[in-house]
$ cat work-v2.pdb   # PDB, C-alpha atoms
ATOM      1  CA  MET A   1     236.954  35.640  72.771
ATOM      2  CA  THR A   2     239.366  35.620  69.834
ATOM      3  CA  SER A   3     241.428  38.701  69.066
ATOM      4  CA  TRP A   4     239.473  39.191  65.828
ATOM      5  CA  VAL A   5     236.093  39.223  67.607
ATOM      6  CA  LEU A   6     237.483  41.693  70.170
ATOM      7  CA  PHE A   7     238.929  43.859  67.376
ATOM      8  CA  LEU A   8     235.700  43.896  65.331
ATOM      9  CA  THR A   9     233.463  44.563  68.370
ATOM     10  CA  VAL A  10     235.573  47.511  69.527
ATOM     11  CA  LEU A  11     235.892  48.811  65.944
ATOM     12  CA  LEU A  12     232.125  48.797  65.404
ATOM     13  CA  ALA A  13     231.268  50.363  68.774
ATOM     14  CA  CYS A  14     233.936  53.074  68.424
ATOM     15  CA  ALA A  15     232.897  53.842  64.825
ATOM     16  CA  VAL A  16     229.413  54.806  66.091
ATOM     17  CA  GLU A  17     230.923  57.220  68.648
ATOM     18  CA  ALA A  18     233.339  58.631  66.046
ATOM     19  CA  VAL A  19     230.462  59.344  63.630
ATOM     20  CA  GLU A  20     228.679  61.352  66.344
ATOM     21  CA  ALA A  21     231.807  63.341  67.275
ATOM     22  CA  LEU A  22     232.648  64.058  63.642
ATOM     23  CA  THR A  23     229.109  65.341  62.971
ATOM     24  CA  ILE A  24     229.557  67.941  65.726
ATOM     25  CA  VAL A  25     233.055  68.988  64.564
ATOM     26  CA  LEU A  26     231.876  69.312  60.946
ATOM     27  CA  ALA A  27     228.954  71.488  62.054
ATOM     28  CA  ALA A  28     231.245  73.714  64.162
ATOM     29  CA  GLY A  29     233.783  74.004  61.339
ATOM     30  CA  THR A  30     231.298  74.595  58.540
ATOM     31  CA  GLY A  31     228.990  76.933  60.476
ATOM     32  CA  ARG A  32     231.641  78.886  62.386
ATOM     33  CA  ASP A  33     235.389  78.558  62.032
ATOM     34  CA  TRP A  34     237.472  75.557  60.916
ATOM     35  CA  ARG A  35     240.617  76.674  62.774
ATOM     36  CA  SER A  36     238.831  77.026  66.140
ATOM     37  CA  ALA A  37     236.984  73.730  65.591
ATOM     38  CA  GLY A  38     240.343  72.068  64.916
ATOM     39  CA  GLN A  39     241.859  73.635  68.057
ATOM     40  CA  GLY A  40     238.892  72.357  70.104
ATOM     41  CA  THR A  41     239.354  68.865  68.645
ATOM     42  CA  VAL A  42     243.101  68.804  69.408
ATOM     43  CA  ALA A  43     242.525  70.156  72.943
ATOM     44  CA  ALA A  44     239.874  67.443  73.578
ATOM     45  CA  LEU A  45     242.200  64.705  72.270
ATOM     46  CA  LEU A  46     244.987  65.943  74.599
ATOM     47  CA  ALA A  47     242.585  66.072  77.590
ATOM     48  CA  LEU A  48     241.435  62.542  76.722
ATOM     49  CA  ALA A  49     245.005  61.259  76.466
ATOM     50  CA  VAL A  50     245.836  62.683  79.912
ATOM     51  CA  THR A  51     242.625  61.219  81.436
ATOM     52  CA  VAL A  52     243.218  57.745  79.958
ATOM     53  CA  ALA A  53     246.946  57.772  80.858
ATOM     54  CA  ALA A  54     246.079  58.696  84.460
ATOM     55  CA  LEU A  55     243.191  56.272  84.988
ATOM     56  CA  GLY A  56     243.830  53.467  82.480
ATOM     57  CA  PRO A  57     246.691  51.594  84.255
ATOM     58  CA  ALA A  58     244.619  51.380  87.470
ATOM     59  CA  VAL A  59     242.247  48.956  85.695
ATOM     60  CA  GLY A  60     245.019  46.328  85.479
ATOM     61  CA  LEU A  61     245.395  46.295  89.284
ATOM     62  CA  ILE A  62     241.753  45.320  89.974
ATOM     63  CA  PRO A  63     241.080  41.563  90.568
ATOM     64  CA  LEU A  64     239.539  39.955  87.448
ATOM     65  CA  SER A  65     236.290  38.773  89.127
ATOM     66  CA  ALA A  66     235.569  42.247  90.594
ATOM     67  CA  LEU A  67     236.408  43.858  87.241
ATOM     68  CA  ARG A  68     234.097  41.458  85.404
ATOM     69  CA  LEU A  69     231.230  42.079  87.843
ATOM     70  CA  VAL A  70     231.420  45.893  87.747
ATOM     71  CA  VAL A  71     232.274  46.243  84.070
ATOM     72  CA  GLY A  72     229.884  43.454  83.057
ATOM     73  CA  ALA A  73     227.033  45.144  84.967
ATOM     74  CA  LEU A  74     227.858  48.515  83.361
ATOM     75  CA  LEU A  75     228.069  46.975  79.892
ATOM     76  CA  LEU A  76     224.787  45.172  80.429
ATOM     77  CA  VAL A  77     222.936  48.331  81.518
ATOM     78  CA  PHE A  78     224.623  50.293  78.724
ATOM     79  CA  GLY A  79     223.854  47.569  76.133
ATOM     80  CA  LEU A  80     220.205  47.293  77.177
ATOM     81  CA  GLN A  81     219.849  51.073  76.716
ATOM     82  CA  TRP A  82     221.193  50.802  73.158
ATOM     83  CA  LEU A  83     219.123  47.710  72.400
ATOM     84  CA  ARG A  84     215.930  49.275  73.774
ATOM     85  CA  LYS A  85     216.353  52.355  71.566
ATOM     86  CA  ALA A  86     217.354  50.249  68.535
ATOM     87  CA  VAL A  87     214.266  48.018  68.919
ATOM     88  CA  LEU A  88     211.975  51.048  69.332
ATOM     89  CA  ARG A  89     213.487  52.658  66.202
ATOM     90  CA  ALA A  90     213.386  49.486  64.114
ATOM     91  CA  SER A  91     209.752  48.844  65.060
ATOM     92  CA  GLY A  92     208.662  52.395  64.219
ATOM     93  CA  HIS A  93     207.971  53.518  67.817
ATOM     94  CA  LYS A  94     210.809  56.051  67.785
ATOM     95  CA  SER A  95     212.047  58.154  64.869
ATOM     96  CA  LEU A  96     215.240  56.905  63.215
ATOM     97  CA  HIS A  97     218.455  58.625  64.265
ATOM     98  CA  ASP A  98     219.244  60.912  61.381
ATOM     99  CA  GLU A  99     222.811  62.290  61.208
ATOM    100  CA  SER A 100     221.728  64.735  58.450
ATOM    101  CA  ALA A 101     219.080  66.214  60.746
ATOM    102  CA  ALA A 102     221.529  66.279  63.677
ATOM    103  CA  TYR A 103     224.083  68.047  61.464
ATOM    104  CA  ALA A 104     221.487  70.599  60.289
ATOM    105  CA  ARG A 105     220.429  71.293  63.919
ATOM    106  CA  GLU A 106     224.037  71.773  65.099
ATOM    107  CA  LEU A 107     224.784  73.948  62.051
ATOM    108  CA  ALA A 108     221.772  76.215  62.645
ATOM    109  CA  ALA A 109     222.671  76.589  66.343
ATOM    110  CA  ALA A 110     226.316  77.297  65.475
ATOM    111  CA  GLU A 111     225.441  79.958  62.891
ATOM    112  CA  SER A 112     223.047  81.796  65.186
ATOM    113  CA  ALA A 113     225.355  81.843  68.245
ATOM    114  CA  GLU A 114     227.315  84.961  69.255
ATOM    115  CA  ARG A 115     230.759  85.457  67.737
ATOM    116  CA  GLY A 116     233.967  86.233  69.625
ATOM    117  CA  GLY A 117     237.269  84.661  70.606
ATOM    118  CA  ARG A 118     239.561  84.189  73.577
ATOM    119  CA  GLY A 119     243.373  84.188  73.461
ATOM    120  CA  ARG A 120     244.617  82.244  70.440
ATOM    121  CA  VAL A 121     241.129  80.864  69.758
ATOM    122  CA  ARG A 122     239.372  82.966  67.109
ATOM    123  CA  ASP A 123     235.881  81.563  67.740
ATOM    124  CA  TRP A 124     235.176  80.361  71.285
ATOM    125  CA  TYR A 125     231.815  78.782  70.359
ATOM    126  CA  ALA A 126     233.344  76.564  67.640
ATOM    127  CA  PHE A 127     236.179  75.635  70.029
ATOM    128  CA  THR A 128     233.931  74.615  72.943
ATOM    129  CA  LEU A 129     231.399  72.830  70.690
ATOM    130  CA  SER A 130     234.154  70.700  69.130
ATOM    131  CA  PHE A 131     235.875  70.172  72.480
ATOM    132  CA  LYS A 132     232.686  68.929  74.184
ATOM    133  CA  GLY A 133     231.692  66.685  71.277
ATOM    134  CA  VAL A 134     235.111  65.066  70.893
ATOM    135  CA  PHE A 135     235.762  64.765  74.647
ATOM    136  CA  LEU A 136     232.400  63.186  75.534
ATOM    137  CA  GLU A 137     232.329  60.766  72.576
ATOM    138  CA  GLY A 138     236.039  60.103  73.185
ATOM    139  CA  LEU A 139     235.287  59.190  76.809
ATOM    140  CA  GLU A 140     232.818  56.604  75.512
ATOM    141  CA  VAL A 141     235.502  55.234  73.164
ATOM    142  CA  ALA A 142     237.949  55.044  76.106
ATOM    143  CA  PHE A 143     235.260  53.302  78.213
ATOM    144  CA  ILE A 144     234.726  50.706  75.455
ATOM    145  CA  VAL A 145     238.482  50.127  75.022
ATOM    146  CA  VAL A 146     239.194  49.846  78.759
ATOM    147  CA  THR A 147     236.241  47.531  79.494
ATOM    148  CA  PHE A 148     236.600  45.190  76.509
ATOM    149  CA  GLY A 149     240.422  45.255  76.500
ATOM    150  CA  GLY A 150     240.691  45.002  80.300
ATOM    151  CA  ASN A 151     238.294  42.073  80.549
ATOM    152  CA  GLU A 152     240.083  40.109  77.863
ATOM    153  CA  ARG A 153     243.498  41.183  79.204
ATOM    154  CA  ASN A 154     244.192  42.350  75.653
ATOM    155  CA  VAL A 155     244.098  46.154  75.706
ATOM    156  CA  PRO A 156     246.451  46.546  72.672
ATOM    157  CA  VAL A 157     243.966  44.826  70.305
ATOM    158  CA  ALA A 158     241.105  46.952  71.693
ATOM    159  CA  VAL A 159     243.205  50.111  71.227
ATOM    160  CA  ILE A 160     244.001  49.116  67.621
ATOM    161  CA  GLY A 161     240.270  48.517  66.962
ATOM    162  CA  ALA A 162     239.405  51.972  68.339
ATOM    163  CA  VAL A 163     242.204  53.750  66.464
ATOM    164  CA  VAL A 164     241.256  52.058  63.157
ATOM    165  CA  ALA A 165     237.578  53.014  63.668
ATOM    166  CA  VAL A 166     238.413  56.656  64.409
ATOM    167  CA  LEU A 167     240.836  56.877  61.456
ATOM    168  CA  ILE A 168     238.318  55.335  59.003
ATOM    169  CA  VAL A 169     235.458  57.592  60.139
ATOM    170  CA  THR A 170     237.657  60.714  60.193
ATOM    171  CA  GLY A 171     239.088  59.919  56.743
ATOM    172  CA  VAL A 172     235.695  59.243  55.197
ATOM    173  CA  GLY A 173     234.142  62.267  56.930
ATOM    174  CA  PHE A 174     236.711  64.763  55.737
ATOM    175  CA  ALA A 175     236.881  63.207  52.275
ATOM    176  CA  VAL A 176     233.177  63.721  51.685
ATOM    177  CA  ARG A 177     232.816  66.790  53.994
ATOM    178  CA  ALA A 178     229.293  65.605  54.809
ATOM    179  CA  PRO A 179     227.683  64.381  58.038
ATOM    180  CA  LEU A 180     228.218  60.736  57.163
ATOM    181  CA  ALA A 181     224.492  60.317  56.631
ATOM    182  CA  ARG A 182     225.143  57.322  54.415
ATOM    183  CA  VAL A 183     226.597  55.307  57.288
ATOM    184  CA  PRO A 184     223.756  52.990  58.420
ATOM    185  CA  GLU A 185     224.056  54.175  62.016
ATOM    186  CA  ASN A 186     220.795  52.667  63.229
ATOM    187  CA  THR A 187     221.805  49.217  62.017
ATOM    188  CA  MET A 188     225.233  49.669  63.599
ATOM    189  CA  LYS A 189     223.609  50.654  66.891
ATOM    190  CA  PHE A 190     221.432  47.537  66.758
ATOM    191  CA  VAL A 191     224.528  45.336  66.313
ATOM    192  CA  VAL A 192     226.529  47.195  68.977
ATOM    193  CA  GLY A 193     223.601  47.005  71.447
ATOM    194  CA  THR A 194     223.454  43.251  70.856
ATOM    195  CA  MET A 195     227.211  42.827  71.392
ATOM    196  CA  LEU A 196     227.335  45.022  74.528
ATOM    197  CA  THR A 197     224.353  43.201  76.058
ATOM    198  CA  ALA A 198     225.753  39.752  75.236
ATOM    199  CA  PHE A 199     229.209  40.501  76.678
ATOM    200  CA  GLY A 200     227.577  42.216  79.666
ATOM    201  CA  VAL A 201     225.486  39.083  80.370
ATOM    202  CA  PHE A 202     228.564  36.855  80.080
ATOM    203  CA  TRP A 203     231.010  38.890  82.185
ATOM    204  CA  SER A 204     228.603  40.054  84.909
ATOM    205  CA  THR A 205     227.385  36.467  85.493
ATOM    206  CA  GLU A 206     230.980  35.227  85.745
ATOM    207  CA  GLY A 207     231.828  38.178  88.012
ATOM    208  CA  ALA A 208     228.921  37.226  90.330
ATOM    209  CA  GLY A 209     230.565  33.807  90.739
ATOM    210  CA  ALA A 210     228.514  31.593  88.359
ATOM    211  CA  HIS A 211     230.164  29.553  85.619
ATOM    212  CA  TRP A 212     228.767  29.258  82.095
ATOM    213  CA  PRO A 213     228.296  25.784  80.633
ATOM    214  CA  GLY A 214     231.095  25.483  78.073
ATOM    215  CA  SER A 215     233.016  28.435  79.593
ATOM    216  CA  ASP A 216     234.037  31.040  76.937
ATOM    217  CA  ALA A 217     232.289  28.998  74.200
ATOM    218  CA  ALA A 218     228.965  30.073  75.779
ATOM    219  CA  LEU A 219     229.417  33.448  74.030
ATOM    220  CA  VAL A 220     228.822  31.678  70.713
ATOM    221  CA  ALA A 221     225.286  30.962  71.951
ATOM    222  CA  ILE A 222     224.693  34.189  73.938
ATOM    223  CA  VAL A 223     225.380  36.637  71.061
ATOM    224  CA  PRO A 224     222.847  35.081  68.604
ATOM    225  CA  ALA A 225     220.368  34.553  71.458
ATOM    226  CA  VAL A 226     220.423  38.280  72.303
ATOM    227  CA  ALA A 227     220.137  39.155  68.591
ATOM    228  CA  LEU A 228     217.134  36.823  68.234
ATOM    229  CA  LEU A 229     215.541  38.321  71.366
ATOM    230  CA  ALA A 230     215.901  41.859  69.965
ATOM    231  CA  LEU A 231     214.650  40.865  66.494
ATOM    232  CA  GLY A 232     211.725  39.019  68.101
ATOM    233  CA  CYS A 233     210.833  42.181  70.079
ATOM    234  CA  VAL A 234     210.935  44.226  66.826
ATOM    235  CA  ALA A 235     208.626  41.732  65.067
ATOM    236  CA  LEU A 236     206.230  41.671  68.034
ATOM    237  CA  LEU A 237     206.060  45.479  68.314
ATOM    238  CA  ARG A 238     205.574  45.855  64.535
ATOM    239  CA  ALA A 239     202.725  43.313  64.624
ATOM    240  CA  GLU A 240     201.144  45.143  67.588
ATOM    241  CA  GLY A 241     201.446  48.462  65.718
ATOM    242  CA  LYS A 242     199.707  47.017  62.645
ATOM    243  CA  ALA A 243     196.961  45.452  64.745
ATOM    244  CA  GLU A 244     196.205  48.856  66.334
ATOM    245  CA  LEU A 245     195.726  50.522  62.920
TER     246      LEU A 245
ATOM    247  CA  MET B   1     229.304  75.337  92.010
ATOM    248  CA  ARG B   2     226.226  73.354  93.082
ATOM    249  CA  ALA B   3     224.797  73.626  89.540
ATOM    250  CA  ARG B   4     228.046  72.226  88.113
ATOM    251  CA  ILE B   5     228.033  69.286  90.522
ATOM    252  CA  ARG B   6     224.399  68.646  89.634
ATOM    253  CA  ALA B   7     225.180  68.803  85.897
ATOM    254  CA  PHE B   8     228.136  66.420  86.420
ATOM    255  CA  GLY B   9     225.892  63.974  88.301
ATOM    256  CA  ARG B  10     223.180  64.236  85.641
ATOM    257  CA  PHE B  11     225.709  63.484  82.888
ATOM    258  CA  TRP B  12     226.839  60.264  84.608
ATOM    259  CA  TYR B  13     223.234  59.281  85.413
ATOM    260  CA  ASP B  14     222.227  59.717  81.742
ATOM    261  CA  PHE B  15     225.419  57.989  80.587
ATOM    262  CA  VAL B  16     225.025  54.893  82.765
ATOM    263  CA  VAL B  17     221.336  54.578  83.655
ATOM    264  CA  GLY B  18     219.666  56.223  80.636
ATOM    265  CA  ASP B  19     215.935  56.474  79.972
ATOM    266  CA  ASP B  20     214.677  53.645  82.197
ATOM    267  CA  TRP B  21     216.130  53.359  85.722
ATOM    268  CA  ARG B  22     214.145  50.161  86.317
ATOM    269  CA  VAL B  23     216.415  48.312  83.868
ATOM    270  CA  ALA B  24     219.534  49.320  85.846
ATOM    271  CA  ALA B  25     217.824  48.408  89.144
ATOM    272  CA  GLY B  26     216.686  45.056  87.696
ATOM    273  CA  VAL B  27     220.237  44.239  86.517
ATOM    274  CA  ALA B  28     221.605  45.043  90.001
ATOM    275  CA  LEU B  29     218.928  42.844  91.642
ATOM    276  CA  ALA B  30     219.581  39.955  89.232
ATOM    277  CA  LEU B  31     223.336  40.090  89.862
ATOM    278  CA  GLY B  32     222.811  40.265  93.637
ATOM    279  CA  ALA B  33     220.477  37.235  93.480
ATOM    280  CA  THR B  34     223.001  35.350  91.294
ATOM    281  CA  ALA B  35     225.785  36.011  93.830
ATOM    282  CA  LEU B  36     223.528  34.826  96.697
ATOM    283  CA  LEU B  37     222.548  31.633  94.839
ATOM    284  CA  VAL B  38     226.186  30.894  93.954
ATOM    285  CA  HIS B  39     227.121  31.467  97.615
ATOM    286  CA  SER B  40     224.548  28.848  98.650
ATOM    287  CA  GLY B  41     225.866  26.309  96.129
ATOM    288  CA  VAL B  42     223.630  26.891  93.054
ATOM    289  CA  ASN B  43     225.414  27.649  89.758
ATOM    290  CA  ALA B  44     222.793  30.246  88.713
ATOM    291  CA  TRP B  45     224.213  31.151  85.260
ATOM    292  CA  TRP B  46     220.650  31.180  83.884
ATOM    293  CA  LEU B  47     219.357  33.985  86.136
ATOM    294  CA  VAL B  48     220.897  37.048  84.399
ATOM    295  CA  PRO B  49     219.807  35.964  80.852
ATOM    296  CA  SER B  50     216.264  35.355  82.172
ATOM    297  CA  ALA B  51     216.297  38.809  83.804
ATOM    298  CA  VAL B  52     217.445  40.394  80.512
ATOM    299  CA  VAL B  53     214.456  38.884  78.643
ATOM    300  CA  LEU B  54     212.072  40.134  81.342
ATOM    301  CA  LEU B  55     213.641  43.598  81.759
ATOM    302  CA  LEU B  56     213.871  44.340  78.019
ATOM    303  CA  GLY B  57     210.298  43.129  77.472
ATOM    304  CA  LEU B  58     208.867  45.203  80.333
ATOM    305  CA  SER B  59     210.863  48.307  79.367
ATOM    306  CA  LEU B  60     209.685  48.096  75.736
ATOM    307  CA  HIS B  61     206.117  47.516  76.893
ATOM    308  CA  ARG B  62     206.235  50.663  79.083
ATOM    309  CA  ALA B  63     207.806  52.707  76.263
ATOM    310  CA  THR B  64     205.167  51.739  73.692
ATOM    311  CA  LYS B  65     202.139  52.097  75.982
ATOM    312  CA  ARG B  66     202.851  55.745  76.936
TER     313      ARG B  66
END

$ encode --input "work-v2.pdb" --output "structure tokens"
Amino acid sequence: MTSWVLFLTVLLACAVEAVEALTIVLAAGTGRDWRSAGQGTVAALLALAVTVAALGPAVGLIPLSALRLVVGALLLVFGLQWLRKAVLRASGHKSLHDESAAYARELAAAESAERGGRGRVRDWYAFTLSFKGVFLEGLEVAFIVVTFGGNERNVPVAVIGAVVAVLIVTGVGFAVRAPLARVPENTMKFVVGTMLTAFGVFWSTEGAGAHWPGSDAALVAIVPAVALLALGCVALLRAEGKAEL
Amino acid sequence: MRARIRAFGRFWYDFVVGDDWRVAAGVALALGATALLVHSGVNAWWLVPSAVVLLLGLSLHRATKR
């Protein structure tokens, strides 16, 4: 995989997670208290940094074949989950993920929750809501960086991809102070599901001991093949839906 | 304490396995079969992609027939 493909894959996958985290922080800040939401965000970023610093270097000590098998299997299961949901949404069998609706739900819950602070935190609800959102989505970003970067033995490029994604989403989010509803998240999820599944297929098969014809060049065929499979499933399910009407 | 452990386990189950456990089980089976075939001298690179087609198709079929 070239550094550019690694960079773009990580950037896209991390941008999706960043959009979700930012939606939660914006709801906590708008509905409750910006200062407490900011404190929760900073606390989550610190907790994430400690977690990644403690566990990240251990990945480099694992033999490459074992790493590819475990991480490839995880990516494959993870990618199939994304792809399954993306196909169901695109074919009309599941409602589209709507960041505006998610924002409105979080905002309503935040406004109706009890008020009160602890220590230097003025609003504990806004703090914990932001902390949970940023920490959980941040863990997914760390997972993407460690797996993609670790497998390609190129963690710095994966880290740069993640940092650029988070900076772009954060910048855009705070500039417009809206839940980023204009970002085509469902399309992004479709692409990310395809990429995760394709890389999962490639790495897990290599980790199990098999060798792809053409070695790394096989990815050039696997990625479009997975995309075609998913698009074919969407077309088939849409046709079935119309036939039932 | 038990509730927290349960919540922690549920988070990781949802995070890794998701809505359809059969997909995760199918991936594990396919990888195990690939390793066995490779061990007996067959370069079974084709097995996991075939399993992906089957698992995604079956999972979508179950989801839309509910």

$ axis_aligned_box --input "work-v2.pdb" --around "region 12-20 of chain B" --padding-each-side "6 Å" --output "AutoDock Vina command-line options"
--center_x 220.8 --center_y 57.0 --center_z 82.7 --size_x 24.2 --size_y 18.6 --size_z 17.4

$ interface_residues --input "work-v2.pdb" --of "chain A" --to "chain B" --cutoff "10 Å" --atoms "only C-alpha atoms" --output "PyMOL selection string"
chain A and resi 69+73-85+87-88+93-94+136+140+197-198+200-202+204-213+222+225-226+229-230+233-234+237+240-241

$ write_last_selection --input "work-v2.pdb" --atoms "C-alpha atoms" --output "CSV table (one decimal), keeping the file's coordinate frame"
chain,number,residue,atom,x,y,z
A,69,LEU,CA,231.2,42.1,87.8
A,73,ALA,CA,227.0,45.1,85.0
A,74,LEU,CA,227.9,48.5,83.4
A,75,LEU,CA,228.1,47.0,79.9
A,76,LEU,CA,224.8,45.2,80.4
A,77,VAL,CA,222.9,48.3,81.5
A,78,PHE,CA,224.6,50.3,78.7
A,79,GLY,CA,223.9,47.6,76.1
A,80,LEU,CA,220.2,47.3,77.2
A,81,GLN,CA,219.8,51.1,76.7
A,82,TRP,CA,221.2,50.8,73.2
A,83,LEU,CA,219.1,47.7,72.4
A,84,ARG,CA,215.9,49.3,73.8
A,85,LYS,CA,216.4,52.4,71.6
A,87,VAL,CA,214.3,48.0,68.9
A,88,LEU,CA,212.0,51.0,69.3
A,93,HIS,CA,208.0,53.5,67.8
A,94,LYS,CA,210.8,56.1,67.8
A,136,LEU,CA,232.4,63.2,75.5
A,140,GLU,CA,232.8,56.6,75.5
A,197,THR,CA,224.4,43.2,76.1
A,198,ALA,CA,225.8,39.8,75.2
A,200,GLY,CA,227.6,42.2,79.7
A,201,VAL,CA,225.5,39.1,80.4
A,202,PHE,CA,228.6,36.9,80.1
A,204,SER,CA,228.6,40.1,84.9
A,205,THR,CA,227.4,36.5,85.5
A,206,GLU,CA,231.0,35.2,85.7
A,207,GLY,CA,231.8,38.2,88.0
A,208,ALA,CA,228.9,37.2,90.3
A,209,GLY,CA,230.6,33.8,90.7
A,210,ALA,CA,228.5,31.6,88.4
A,211,HIS,CA,230.2,29.6,85.6
A,212,TRP,CA,228.8,29.3,82.1
A,213,PRO,CA,228.3,25.8,80.6
A,222,ILE,CA,224.7,34.2,73.9
A,225,ALA,CA,220.4,34.6,71.5
A,226,VAL,CA,220.4,38.3,72.3
A,229,LEU,CA,215.5,38.3,71.4
A,230,ALA,CA,215.9,41.9,70.0
A,233,CYS,CA,210.8,42.2,70.1
A,234,VAL,CA,210.9,44.2,66.8
A,237,LEU,CA,206.1,45.5,68.3
A,240,GLU,CA,201.1,45.1,67.6
A,241,GLY,CA,201.4,48.5,65.7

$ resolve_selection --input "work-v2.pdb" --expression "the PyMOL selection byres ((chain A and resi 18) around 9)" --output "list in words"
Ala13, Cys14, Ala15, Val16, Glu17, Val19, Glu20, Ala21, Leu22, Thr23, Val134, Glu137, Gly138, Val141, Ala165, Val166, Leu167, Val169 and Thr170 of chain A

$ write_last_selection --input "work-v2.pdb" --atoms "C-alpha atoms" --output "short mmCIF file (atom, residue, chain, number, x, y, z; two decimals), keeping the file's coordinate frame"
data_model
loop_
_atom_site.label_atom_id
_atom_site.label_comp_id
_atom_site.auth_asym_id
_atom_site.auth_seq_id
_atom_site.Cartn_x
_atom_site.Cartn_y
_atom_site.Cartn_z
CA ALA A 13 231.27 50.36 68.77
CA CYS A 14 233.94 53.07 68.42
CA ALA A 15 232.90 53.84 64.82
CA VAL A 16 229.41 54.81 66.09
CA GLU A 17 230.92 57.22 68.65
CA VAL A 19 230.46 59.34 63.63
CA GLU A 20 228.68 61.35 66.34
CA ALA A 21 231.81 63.34 67.28
CA LEU A 22 232.65 64.06 63.64
CA THR A 23 229.11 65.34 62.97
CA VAL A 134 235.11 65.07 70.89
CA GLU A 137 232.33 60.77 72.58
CA GLY A 138 236.04 60.10 73.18
CA VAL A 141 235.50 55.23 73.16
CA ALA A 165 237.58 53.01 63.67
CA VAL A 166 238.41 56.66 64.41
CA LEU A 167 240.84 56.88 61.46
CA VAL A 169 235.46 57.59 60.14
CA THR A 170 237.66 60.71 60.19
#

$ atom_distance --input "work-v2.pdb" --atom1 "CA of Ala126 (chain A)" --atom2 "CA of Phe174 (chain A)"
17.1 Å

$ atom_distance --input "work-v2.pdb" --atom1 "CA of Arg68 (chain A)" --atom2 "CA of Trp203 (chain A)"
5.1 Å

$ atom_distance --input "work-v2.pdb" --atom1 "CA of Leu139 (chain A)" --atom2 "CA of Trp12 (chain B)"
11.5 Å

$ closest_residue --input "work-v2.pdb" --among "A:Ala109, A:Ala66, A:Gly133, A:Val192" --to "Gly150 (chain A)" --atoms "only C-alpha atoms"
A:Ala66
